[in-house]
Each structure stands twice: as C-alpha cells, then as structure tokens.
Amino acid sequence: MAELSSSQTVPGLDLGAEESLGLYRRMRLIRSFEDAVQVQFQAGNVHGTTHLYSGQEAGAVGVCSVLGEGDKVAGTYRGHGHALALGVSPQGLMDELLGRETGLCGGRAGSMNVVDASTGLIGCFGIVGGSIGAATGAALSQKLLGTGTVAVAFFGEGTANQAYFHECLNWAQVEKLPAVFVCENNMYMEFTPIENVTAGEIVARPIAMGIHTRQVDGNDVWAVREAAWEAVEHARSGRGPAFLETLTYRFVGHSRSDPGRYRRPGELEEWRRRDPLLLARAGLEQRFGIGPARCEEVDAEVAAELEGIVAAGLAAPFPRPSAAATEFKHG
Amino acid sequence: MAELSSSQTVPGLDLGAEESLGLYRRMRLIRSFEDAVQVQFQAGNVHGTTHLYSGQEAGAVGVCSVLGEGDKVAGTYRGHGHALALGVSPQGLMDELLGRETGLCGGRAGSMNVVDASTGLIGCFGIVGGSIGAATGAALSQKLLGTGTVAVAFFGEGTANQAYFHECLNWAQVEKLPAVFVCENNMYMEFTPIENVTAGEIVARPIAMGIHTRQVDGNDVWAVREAAWEAVEHARSGRGPAFLETLTYRFVGHSRSDPGRYRRPGELEEWRRRDPLLLARAGLEQRFGIGPARCEEVDAEVAAELEGIVAAGLAAPFPRPSAAATEFKHG
Amino acid sequence: MGESATIEYRVAVREAIDEEMARDPRVVFFGEDVAVAGGVFAVTPGLEGEHGGSRVFDTPISELALSAGAFGAAVTGLRPIFEIMFADFLPLAMDSLINQAAKYWYVSNEQASCPLVVRSAMGAGGNFGAMHSQSPIPWLQGVPGLKVVAPATAGDAYALLRASIQDENPVAFLEHKRLYSVKDSVSDGATLPLGEAAVVREGNDLTLVSLSKGVRDCLGAAEELAERGIGAEVVDLRSLRPLDTGTVLRSVAKTNRIVVVEEGPLIGGWGANLLGIVAAEGLHDLDDAQVIACPETPIPYSPTLEDAWMPAEGRIVAEIANRA
Amino acid sequence: MGESATIEYRVAVREAIDEEMARDPRVVFFGEDVAVAGGVFAVTPGLEGEHGGSRVFDTPISELALSAGAFGAAVTGLRPIFEIMFADFLPLAMDSLINQAAKYWYVSNEQASCPLVVRSAMGAGGNFGAMHSQSPIPWLQGVPGLKVVAPATAGDAYALLRASIQDENPVAFLEHKRLYSVKDSVSDGATLPLGEAAVVREGNDLTLVSLSKGVRDCLGAAEELAERGIGAEVVDLRSLRPLDTGTVLRSVAKTNRIVVVEEGPLIGGWGANLLGIVAAEGLHDLDDAQVIACPETPIPYSPTLEDAWMPAEGRIVAEIANRA
Ligand SMILES: Cc1ncc(C[n+]2csc(CCOP(=O)(O)OP(=O)(O)O)c2C)c(N)n1
Ligand SMILES: Cc1ncc(C[n+]2csc(CCOP(=O)(O)OP(=O)(O)O)c2C)c(N)n1
Ligand SMILES: [Mg+2]
Ligand SMILES: [Mg+2]
C-alpha cells in the first residue's frame with residue numbers, strides 16, 4: 001500500500017564503516033556545538049537561556065539516522081541536538097542563537113523555539129509537552145494525507161507527568177497515528193530526581209494503552225538506532241504509534257546557571273565513563289577496526305568547522321527592528 | 001496514629017436488615033428524585049440542562065455508605081445522585097434546581113455546580129475532570145492537617161482521557177494522598193461508545209502508577225460497598241490513593257434532549273434487568289427475608305416525600321437580583 | 001452560487017464547513033460528539049456521512065490534545081477545524097492556542113502558516129450556569145497571532161466561517177448559543193474579510209457597538225430609542241482581532257457619542273478596551289462615552305439572577321436614557 | 001516589626017512567604033523545583049528547611065493538577081501558595097483558576113472562600129523568547145472572582161504578597177523577572193490592601209499609569225520629561241482586579257492628560273481597558289489620552305528585536321514628546 005512505499009527512503013539498518021563513522025561525526029558535531037554555545041553564552045553572545053544536549057547525543061543521532069524524506073521531528077528547548085541530528089544547518093542554528101538576521105528564524109525564535117521546515121523540524125518547543133502535541137498533529141496530517149511518513153516527538157521523562165503526554169498518547173493510539181514518542185530519560189526533571197515526582201515506571205503508561213513500547217540504552221548509538229528502526233517501522237506500517245524510552249544522562253547543567261548540586265556523588269563520573277562518544281569509538285574499533293586516530297581526525301575537522309561557524313555567526317548582522325512589526329500572514 | 005482514629009466514625013461493614021433497607025431507600029430516593037426532576041424540567045421549572053443519575057444509584061449509595069464525619073466528596077454535573085447519597089437535603093437540592101432562593105446555593109449554582117459544605121460535598125463540577133482535581137486538593141488538606149479523613153472523586157469513564165485524570169492520579173500517588181477515585185463506567189462518553197475513544201483498559205492506567213485499583217459491579221450496592229470499604233480503608237490508613245471502577249449503565253439520556261440512538265439494540269432492556277433497585281430488592285429478600293411488600297412501603301414513603309418536596313420547591317421564592325452584585329469575599 | 005436562502009445560524013455554520021470541506025480536501029473537522037451524533041447543539045449532523053469518517057471524526061475528552069493536534073496538523077499540510085463544545089472549556093486548550101498556534105507563523109520567521117479554526121459555543125441566557133455560559137473573548141483577545149471572530153447573524157456566520165477556514169492564521173470562531181435557532185438570509189458562496197466591522201443600522205445621535213448576540217440586543221434597543229427620538233447607529237464589530245476601529249471612529253465622528261455593549265465584565269473586557277482605543281484616537285469626537293457590561297461576578301443560574309446579569313435590550317435602553 | 005531594610009525584590013517575596021508560613025500553619029507552598037532547589041529564579045531557597053518538607057515541596061510538571069490541587073485544598077482548610085514557574089505556562093492551569101477557584105465563593109452562595117495564591121514570573125526584556133516572556137494579564141483580568149496583583153517594588157512585593165496570602169480570594173501574584181534583582185526598602189510587617197493604586201510621583205501636566213516593571217520605566221521617563229519641562233504624575237496601579245480607577249480619575253482631573261504604558265499588545269490589553277473605563281467616567285477631564293503598548297506580535301528573541309518591542313523609557317519619552 002502507498003503508505004509503505006516511501007519507507008524505501010530510509011537507509012538500510014546495517015551500516016558500513018563510513019556510515020557508522022558518520023554517526024560518530026554527527027554526535028561529535030553536537031557535542032562541539034554545545035561546547036561552543038556554552039562559550040558564547042558566557043561571552044554574552046548567546047542570550048536568555050540555553051539547555052544543552054551534551055551527553056545525550058546518541059539518542060537524537062540514533063533516532064534521526066533511521067528517518068527519511070518527509071518524516072517530521074518535534075524537539076524541545078533542549079533541541080540543538082534534535083535539530084543537528086536531523087540535519088539542520090549548524091551555521092543557521094548558531095546564527096539563530098546569536099540572534100542574527102541569518103539565523104534559521106531570523107533571530108525571532110532563539111534557542112528554545114527553533115523551526116526549520118526545510119529539514120522537517122516542525123519546531124523545538126520551549127513549553128514542556130509541546131513537542132508531543134506537535135508530533136501528534138503532524139502524524140494526523142501524515143495519516144490523513146497518506147504520506148507514509150512518520151512524526152517523531154522528543155521529550156524528557158519529566159514530561160510524562162503532564163497533560164500533553166497522556167491526552168496525546170491516548171488519542172494517537174485510538175487513531176493509530178504514525179507517531180513515534182521518544183522519551184529521553186536523563187533521570188532529572190530540571191533539578192528534581194524523577195522518581196520523587198513520578199508514580200511507577202514511565203513505560204508502564206504507554207503499555208497500559210497498548211502502545212508498542214521499548215526501553216533502550218540511550219548512550220549506545222547502535223542500540224538506539226536499532227530500537228528506533230523497529231519503532232519507526234511499526235508506526236510507518238500503520239500499526240499505530242510507538243514509544244521509545246532512551247536511558248541517558250545530562251553531563252552539563254539543566255540550563256545556564258545550574259551548579260548541579262542534586263547529582264548523587266560519583267554519578268556524573270560514572271556516566272562519563274559511558275559517554276556516547278566513547279562508546280561509539282569503542283564500537284567503531286570493534287565493528288570496523290576504526291581506531292582512535294581516525295576519530296581524532298573527525299574531531300579536528302568538526303572543531304575547525306565550528307570555529308568557522310562561530311566566526312561567521314559573530315560577523316553576521318542583527319535583524320532590523322522594523323521586522324518586529326508584522327502581525328498576521330494575510331490569508 | 002491520629003490519622004486512623006476517625007475511621008471509627010465509619011459504620012461496620014456488615015449491615016443489618018434496617019441499614020440495608022436504608023441503602024434501598026436511598027437508591028429509591030435518588031431514582032424518584034431524578035424522575036421528578038425530569039417532570040419539572042419538561043414543565044419548564046428546571047432550567048438549562050440536567051444530567052440524571054438514573055440506573056447508577058448503587059454506585060454513589062454504596063460508596064457514600066462507608067464514608068464518615070469529615071470525609072469529602074466531589075461529584076459531577078451528573079451529581080444529584082452523588083449529593084443525595086451523601087445525605088444532602090433533597091429539598092435544598094430540588095429548590096436549587098428550581099432556581100429558588102431556598103436552594104442549597106441560593107439559586108446561583110443550578111444542577112451542574114451544587115455545593116453543600118454542611119455534608120462535605122465540596123461541589124459538583126460541570127467541567128469534566130474538575131471533581132478529580134477538587135478531591136485531590138481536599139486530600140492534600142486532609143493529609144497535611146492530619147484529619148484522618150478521605151476525599152472521594154466521582155467521575156465517568158470518558159474523563160479518564162483528560163488531563164486532570166492523569167496529572168492528579170500521578171501526584172496523589174507520589175504524595176500518598178488519602179483520595180479515592182471512583183470511575184463510574186456507564187459505557188458512554190455522552191453519545192460516544194467509550195471504546196471508540198479510549199486506548200486500553202481504564203484500570204490499567206492507575207495500575208501503571210502503582211495505585212490500589214479494583215473493578216466492581218456498579219449495580220450491586222453491597223458489592224460496591226465492600227469494594228469502597230476496602231478502597232477507603234486503604235486511603236485512610238495513609239497508604240495512598242485508591243481507584244475503584246464501577247461498571248454500570250445510564251437508563252436515561254445523557255442530558256435533556258438525548259434520544260439515545262447510540263444504544264445497541266437490546267442493551268437498555270438487558271441493563272434494566274440489572275436495575276440496581278431490582279438487585280437490591282432481591283438481596284434484601286435473600287439476605288434478610290425482606291419481601292416486596294416492605295420495599296413498596298418504602299417506595300410509597302419516598303414518593304410521598306418527593307411530592308411534598310416538589311410542592312414546597314415550586315412555592316419557594318426566586319432570589320432577588322440584587323444578590324447578583326457581589327464579587328469578592330472581603331478578606 | 002449567489003443564491004440566497006433563509007436558514008438558521010446553526011445551519012449556516014454547517015453549510016460553511018460542508019462547502020469548505022467539499023472545496024478543499026485538506027480541511028478536516030473533529031471534536032467531541034461532533035461526527036456520529038452531529039454535535040450537542042445539532043450544528044454538524046450529516047457532515048460525517050458527507051465527507052467520510054476519516055475527515056470528520058469524534059474524539060476523546062482531551063481538549064488540550066485536540067488543540068495541539070490541530071496545531072501540528074495545520075503546520076504540516078492540513079487545515080483543521082475543531083470544536084470545543086462550550087467556550088468555557090477553552091482554557092483547557094489555551095496553552096496550545098496561545099503558545100503554539102498563535103506564535104508559529106511569526107516565530108518561525110514566516111516559514112509556515114498555521115491555518116486552523118477552533119469553533120466554540122459561547123454565551124449566557126440559557127440558565128446553563130457559571131461554567132457553561134461565559135464569553136471567552138477577554139481570555140483570547142490579547143493574543144497576537146490569534147484571530148477572534150464572533151458573528152451576529154446566520155449570513156455572517158456562513159461568510160465569516162468560510163473566510164476563517166480559508167485564512168492562513170489560527171482563528172477562534174465563537175458562536176453564541178442563543179443565536180443557533182435564529183434565522184436569516186445567507187447568500188451562497190459569500191465570504192467576508194476578517195477584521196471588517198459593519199454598520200448594521202444608521203443613526204445620528206449615538207453609536208452602539210457590540211458583536212454576536214449583543215448586536216441583536218442593540219438593534220432592538222435602537223428601535224425603542226427611535227420611539228424616544230434618539231437615533232442610534234449600530235456597529236457590529238464581527239471580529240475582535242483584527243479589530244476594525246476605523247469603522248467605529250467614523251461612526252463616532254458623526255454621532256459624537258459611543259455606547260459599547262458587552263456580555264461580560266467591564267474590567268478586562270473587550271468593550272472598555274475598544275473604548276480606550278477609540279478615546280486614544282478620536283477623543284475630540286466624543287461628547288459622551290459609555291460601556292454597558294455585566295456585574296463583576298460569575299454568571300448565576302437562576303433565571304431571575306441571570307436575567308439581571310445580562311445586558312438585555314431593556315437595560316441598554318434604560319442605561320442610555322438615564323445617561324441622556 | 002516596623003523596621004525597614006533594603007533588599008532585593010526576590011528576597012522580599014521570600015520574606016513574605018516565610019513570615020506568613022510562620023504566622024499561619026495553614027499556609028503551604030509548592031511548585032516545580034521550588035523546595036530543595038529554591039526555585040529557578042532563586043526566590044524561595046531555605047523555605048523548605050525553615051518550614052519542613054510537608055509544607056514546602058516540589059511537584060511534578062503538572063500545572064493543571066497544581067492549580068486544581070490548590071483549589072481543592074483552599075476550599076477545605078489550607079491556604080496554598082503555588083508557583084507557576086513562567087507566567088507563559090499559566091494557560092495550562094487556567095481551567096482550574098477560571099472555572100473553579102474564581103467561581104467558588106460566589107457560586108457556592110458564599111458557603112466557603114477560596115484563599116489561594118498563584119505566584120508566577122512574567123515579563124520580557126531578558127531575551128527568553130516568545131514563550132517565556134509574556135504578560136498573562138490580558139488572559140486573567142476579565143475573570144470576576146480572581147484578583148490580579150503585580151507589584152513594582154520590593155516593598156510592594158512584600159506587603160502585597162502578605163496581603164494576598166491573607167486574602168480570602170484566589171489571587172494571581174505576578175512578579176516581573178526584570179525586577180527580581182532590584183533592591184529597595186521594605187518595612188517589616190507591612191501589608192497593603194489589594195486594589196489600591198499609588199501616586200508614586202507627583203506632577204501637573206500628565207498622568208502616566210502603569211504597573212510592575214512599567215512603573216520604573218515611567219519614573220525614568222518622568223525624569224527625562226521633567227528636563228523638558230513636562231511634569232508627569234506617575235500612578236502605580238499595583239492591582240488589575242480590583243481595579244482602582246478612583247486614584248487614576250483623581251490624577252487625571254488634575255492633569256487632564258493620561259498616558260497608559262503596557263508591556264503587551266494594545267488590542268485586548270489592560271491599558272486600553274483602563275483608559276476606556278476612565279473615558280466612560282471622566283471624559284470631560286481628558287484633553288488628551290494615549291496608550292503606549294507593544295507591537296501586535298509575539299515577543300521576539302533577538303536583542304535588537306526585543307528591545308524595539310519593549311515599551312522602554314526612551315520610547316515612552318519619545319511618544320509623549322511626539323504627541324505633545
Ligand atoms: C509546561 C512547562 N512547565 C515547566 C517548564 C519549565 N521546565 C523547563 S525544562 C523542565 C524540566 C523538564 O524535564 P524533562 O522532561 O525530564 O526534560 P529534560 O530537561 O530533563 O530534558 C521544566 C520543569 C516548562 N518549560 N514548561
Ligand atoms: C472538559 C469538558 N469537556 C467536555 C464536556 C462536555 N461533556 C459533559 S459530560 C461529557 C461526557 C462525560 O462522559 P463520562 O466521563 O463517561 O461521564 P458520564 O457523563 O458518562 O457520567 C462531556 C464530553 C465537559 N463538561 N467538560
Ligand atoms: Mg529529564
Ligand atoms: Mg460515561
């Protein structure tokens with residue numbers, strides 16, 4: 001049936017050496033991008049607030065690696081990783097954070113609300129739960145228009161206690177929408193340990209609604225990719241939404257100005273030993289005999305790329321205020 | 001501990017003949033009250049809209065029969081039964097529906113929003129989910145004030161798909177609040193069969209949160225009473241909220257002007273054979289040898305009582321408009 | 001086309017949805033009990049049969065999901081219409097309307113529009129009580145990016161709803177419960193631009209401004225005032241955002257007296273807000289200014305109390321006469 | 001008691017909560033990350049240690065449940081204070097505020113009051129973007145039964161928050177993010193009645209009316225205007241409901257010119273609403289009337305765009321000068 005044809009646009013599940021190295025490169029790009037954002041934030045060039053994805057890269061990269069033409073993604077205020085994993089222009093994203101006219105949204109959106117129609121990024125949603133609603137609606141379009149594509153929502157585990165989560169999961173399952181709900185469980189809702197505010201296991205909730213549900217090591221990009229492949233195929237084939245919980249950890253503060261006092265002693269160090277970049281390097285060596293040297297080349301290339309991006313961004317013009325005066329698209 | 005002491009105010013679980021007949025009388029009062037409301041609505045004396053409880057009487061009567069001093073109840077727009085089962089004055093309720101100054105809320109509330117502080121009726125809530133929120137908050141008071149009492153929320157199964165349900169159940173379980181959530185499953189959300197809009201079993205949702213959960217025949221007043229006793233004791237003892245799903249059926253339209261076209265052929269007749277009043281009569285006979293004659297006496301007494309109530313209500317004065325002019329309670 | 005018929009307001013609403021769904025396959029319609037049952041106010045019967053269950057469907061009681069789903073669908077290729085049964089329930093859906101739908105076109109730097117319509121039944125006068133009788137306009141008018149439309153007649157309901165469905169912006173389309181059974185003439189195929197007020201009665205002595213059911217009350221009051229020798233011009237705002245202050249200012253330039261009639265509180269209401277804008281732009285045209293609104297209380301149930309709360313025809317006449 | 005100290009606005013808020021919790025055991029405080037972490041704006045550190053984890057506690061991300069829980073608790077014996085982190089998130093909690101809390105005392109025929117306070121951080125100027133910078137006043141002001149308070153100084157924040165906690169009605173207490181670090185003098189034990197505006201600067205040529213951060217902008221503008229020989233009186237409304245129009249009318253009777261400054265849109269905003277009420281009651285005292293509000297768009301992120309959007313001191317001076 002038509003709905004399935006475009007699943008051909010998804011690359012095969014087994015990746016070769018170069019493609020696997022591509023996943024590593026993408027994760028490194030995100031890590032380095034976030035480091036650069038942090039520097040620019042402290043320098044006062046990135047404004048307001050930022051929520052960095054550092055430590056969670058395998059999640060977005062693994063999931064987006066199985067998406068194809070026409071699939072849609074809704075991310076969060078912690079969305080730089082979601083955007084870059086999907087293939088959004090790092091220059092456009094950096095310029096947006098720097099508030100420049102050349103930004104993806106001309107400087108109107110900022111870190112928390114980026115939209116990039118060209119890559120299928122419906123948007124990043126600064127208000128918790130928004131990504132779930134947006135992807136549910138996009139999946140409604142995809143079902144009714146028969147596109148054979150899927151819509152992915154990324155959100156954190158703290159979001160599982162909020163209205164959007166419950167109402168949208170139920171409705172998506174009732175309507176058998178091609179939505180994939182990716183719950184990135186980094187163990188904390190801002191500064192609060194998730195178990196302090198959550199009754200039972202999060203995965204028990206979609207399971208109670210009969211939704212196809214899996215849990216996966218969110219720091220192992222190959223594991224995420226396999227689980228995401230299965231979830232996406234489930235949704236794409238018209239069997240209804242799928243739910244994927246990725247177990248991961250945030251290496252940096254929740255947002256600017258978070259000392260992270262809530263972390264248990266040794267917790268951060270323990271997780272750093274499971275850094276998605278380290279795990280990916282180990283995997284590249286073991287699966288394809290790709291050694292550290294090759295990875296360091298990639299790191300250097302990415303570092304150079306980012307230096308150029310930051311320089312160009314800082315040289316770009318700020319938007320002219322007159323732009324603030326439009327209200328409606330005239331129908 | 002202090003929390004437990006006031007559970008003494010709950011009557012023993014085993015009921016004698018007279019007490020059991022009292023349950024029957026209460027159910028009959030509700031049925032006859034609703035019949036009278038229907039007549040007065042058609043006569044144009046009850047205004048706006050009404051949602052009748054006819055057919056579901058065993059639920060509210062069974063649950064409220066295990067409540068004691070200081071326990072609170074939040075009902076719905078289908079709340080006449082919740083109110084009467086709790087012991088609200090039928091005269092005050094009828095006068096409210098007739099829009100009279102002598103009504104429980106002086107005619108300000110009407111059928112959907114009745115409040116009666118004197119019996120612990122926090123209120124009836126015209127907006128779906130409101131009863132769940134109100135009882136959750138009341139349970140927060142009860143826990144923090146150490147009253148040893150519980151708060152009961154009545155709501156329909158269609159309400160299980162809405163925000164209040166999810167957020168409040170999670171929070172109540174996290175805080176171990178003495179709340180009892182009574183989901184009255186009458187199989188329809190207005191005119192829509194519940195399975196058309198609901199993913200999975202409703203009880204699977206509280207179970208996923210680790211909430212003490214039971215399902216019960218909602219037309220058998222003794223069965224409801226036993227399940228409610230257990231649920232209330234669970235909540236009262238500080239072990240957190242309990243969830244009770246009562247399986248029942250609505251004999252009349254959802255609200256005024258509902259022809260009930262959605263009913264499956266024979267469905268209504270089938271359920272009428274399981275009329276809570278018939279089941280109660282059978283139970284009285286079998287458990288206590290109380291025959292139909294005694295029940296008919298009760299029916300006649302209730303009928304006479306209601307005749308007087310309606311007459312008095314229709315004779316009561318309407319509120320004077322000046323009453324509409326206050327805004328704030330002056331702190 | 002171009003033909004005209006005399007039909008109920010509720011039928012005009014259905015006709016508009018029906019025709020837009022026939023015209024544009026991207027238009028879909030969903031809500032609680034709107035499809036199989038045809039809606040609790042019998043506004044949408046037959047649409048499911050006409051356009052099929054995949055384009056017209058019943059939903060769970062999930063106002064926030066409906067709103068968010070409509071948003072997500074609107075920015076990805078559909079043109080959803082959804083119903084929030086009573087406007088009193090709109091707050092449950094407002095996060096998505098305010099923070100997602102209303103902001104998308106602007107914040108995305110105009111990458112995509114958000115063409116959705118939320119239909120809702122508003123208004124008092126039916127003894128539905130405090131939570132089923134409100135006007136949501138005060139909650140929604142101050143949201144740039146969200147259009148707010150409230151038709152007073154079947155003809156306007158038809159033409160404005162078609163325009164709302166064709167509009168690229170999110171539109172809150174507010175239908176007054178007390179108007180559903182009122183009939184008047186509708187001309188086939190008509191649309192009206194959103195944001196244009198109409199002078200529905202001419203007069204020289206004062207300008208009565210209202211919308212929705214208030215326009216009928218004002219027209220009735222104008223008749224009575226005419227008998228007393230006061231010539232009232234009546235302006236139907238039709239839309240609260242965009243807001244057509246120009247038409248009001250032109251009328252006031254002629255009459256020099258404005259009376260705004262609002263079914264809702266004075267404080268935080270659209271009526272005093274409009275008068276403030278008029279005062280800022282046309283102060284020297286004003287010899288007198290007045291807002292007839294409602295007591296600052298929830299809406300009471302009992303007929304005697306609700307009648308006193310409403311800004312009814314009689315009260316409009318009396319308050320104007322007392323002031324004159 | 002009676003002593004006064006110079007402290008930050010954020011500290012004044014904490015002091016008020018701290019003292020009310022010490023004074024009244026029925027007062028409890030909850031919200032997201034407010035207890036152990038002390039709040040994302042560092043407003044409430046130490047309260048949990050002071051009053052214990054059962055009276056000060058962290059919650060799930062469940063804005064609607066927090067609001068409904070506060071309502072249910074308030075009508076059954078507690079006096080809850082809860083925080084909605086950013087005022088932009090209030091729509092998620094509004095069904096309970098509007099349809100339950102605001103209506104309870106009236107609809108129950110005064111059987112029970114609903115003493116709760118919802119604290120929330122509002123306002124633009126920090127480049128937080130369109131969904132973390134809004135003023136919720138337009139959404140909340142038109143709700144009879146819900147008081148809306150927005151202090152401009154640390155002293156008022158302290159006195160008005162204590163009064164709000166002691167009030168028997170639900171109160172939305174709105175704290176401007178750009179004021180948290182501003183210091184001024186607070187007098188211990190003070191409370192202020194809700195619904196009383198204050199003349200914070202005297203002048204004879206025009207009346208500047210605003211609230212919250214806008215009052216600071218107006219005071220700054222008044223200084224510059226003074227240099228140009230224009231004497232501006234500045235009125236701080238402090239509360240949007242109850243609304244103290246009397247103080248504004250008295251000032252306007254003296255100055256004959258009003259300029260309302262609002263951080264938000266003109267259409268549907270409180271500024272034009274206030275001007276409309278003033279026009280209806282005091283038209284003949286007005287020689288000129290003006291509202292300085294913001295472009296009818298979402299709030300942009302980029303500093304150049306947000307600065308242009310804000311009704312800043314410079315813009316206030318310029319728009320008044322251009323008009324004069
Ligand atoms: C509705 C809403 N409530 C509160 C917030 C403030 N907030 C931003 S992130 C966050 C924590 C979210 O935790 P989680 O869902 O686990 O995502 P994470 O940040 O850990 O990726 C909160 C409470 C918000 N943005 N939206
Ligand atoms: C938030 C909200 N949405 C919609 C409605 C309209 N409405 C009133 S009753 C009802 C159906 C409720 O079904 P259920 O929860 O099963 O309760 P029942 O009426 O069957 O007792 C609906 C949709 C409402 N009152 N509140
Ligand atoms: Mg998290
Ligand atoms: Mg039901």
# chains A, B, ... in the order shown; residues from 1 in each chain; ligands from 1
call {"tool": "residues_near_ligand", "arguments": {"ligand": "ligand 2", "cutoff": "7 Å", "atoms": "only C-alpha atoms and all ligand atoms", "output": "list in words"}}
result
Arg78, Gly126, Ile127, Val128, Gly129, Phe155, Gly156, Glu157, Gly158, Thr159, Glu184, Asn185, Asn186, Met187, Tyr188, Met189, Glu190 and His254 of chain B; Glu32, Ile61, Glu63, Met85 and Phe89 of chain C
call {"tool": "select_by_dssp", "arguments": {"residues": "range 157-259 of chain C", "states": "strand (DSSP E)", "output": "ChimeraX atom specification"}}
result
/C:171-176,183-187,198-201,206-210,232-236,239-241,257-259
call {"tool": "residues_around", "arguments": {"residues": "Arg236 in chain A", "least_positions_apart": "6", "cutoff": "7 Å", "atoms": "only C-alpha atoms", "output": "PyMOL selection string"}}
result
chain A and resi 4+148-150+178
call {"tool": "residues_around", "arguments": {"residues": "range 107-109 of chain C", "least_positions_apart": "2", "cutoff": "7 Å", "atoms": "only C-alpha atoms", "output": "number ranges by chain"}}
result
A: 105-106, 108-109, 115; C: 103-105, 111
call {"tool": "residues_around", "arguments": {"residues": "range 311-317 of chain C", "least_positions_apart": "5", "cutoff": "12 Å", "atoms": "only C-alpha atoms", "output": "PyMOL selection string"}}
result
chain C and resi 123-125+208-210+213-228+230+232+259-266+290-295+306+322-324
call {"tool": "interface_residues", "arguments": {"of": "chain C", "to": "chain B", "cutoff": "6 Å", "atoms": "only C-alpha atoms", "output": "ChimeraX atom specification"}}
result
/C:60-62,126-128,295-297,300-302,305,308
call {"tool": "closest_residue", "arguments": {"among": "A:Leu247, A:Ser141, A:Lys176, A:Gly146", "to": "ligand 1", "atoms": "only C-alpha atoms and all ligand atoms"}}
result
A:Leu247
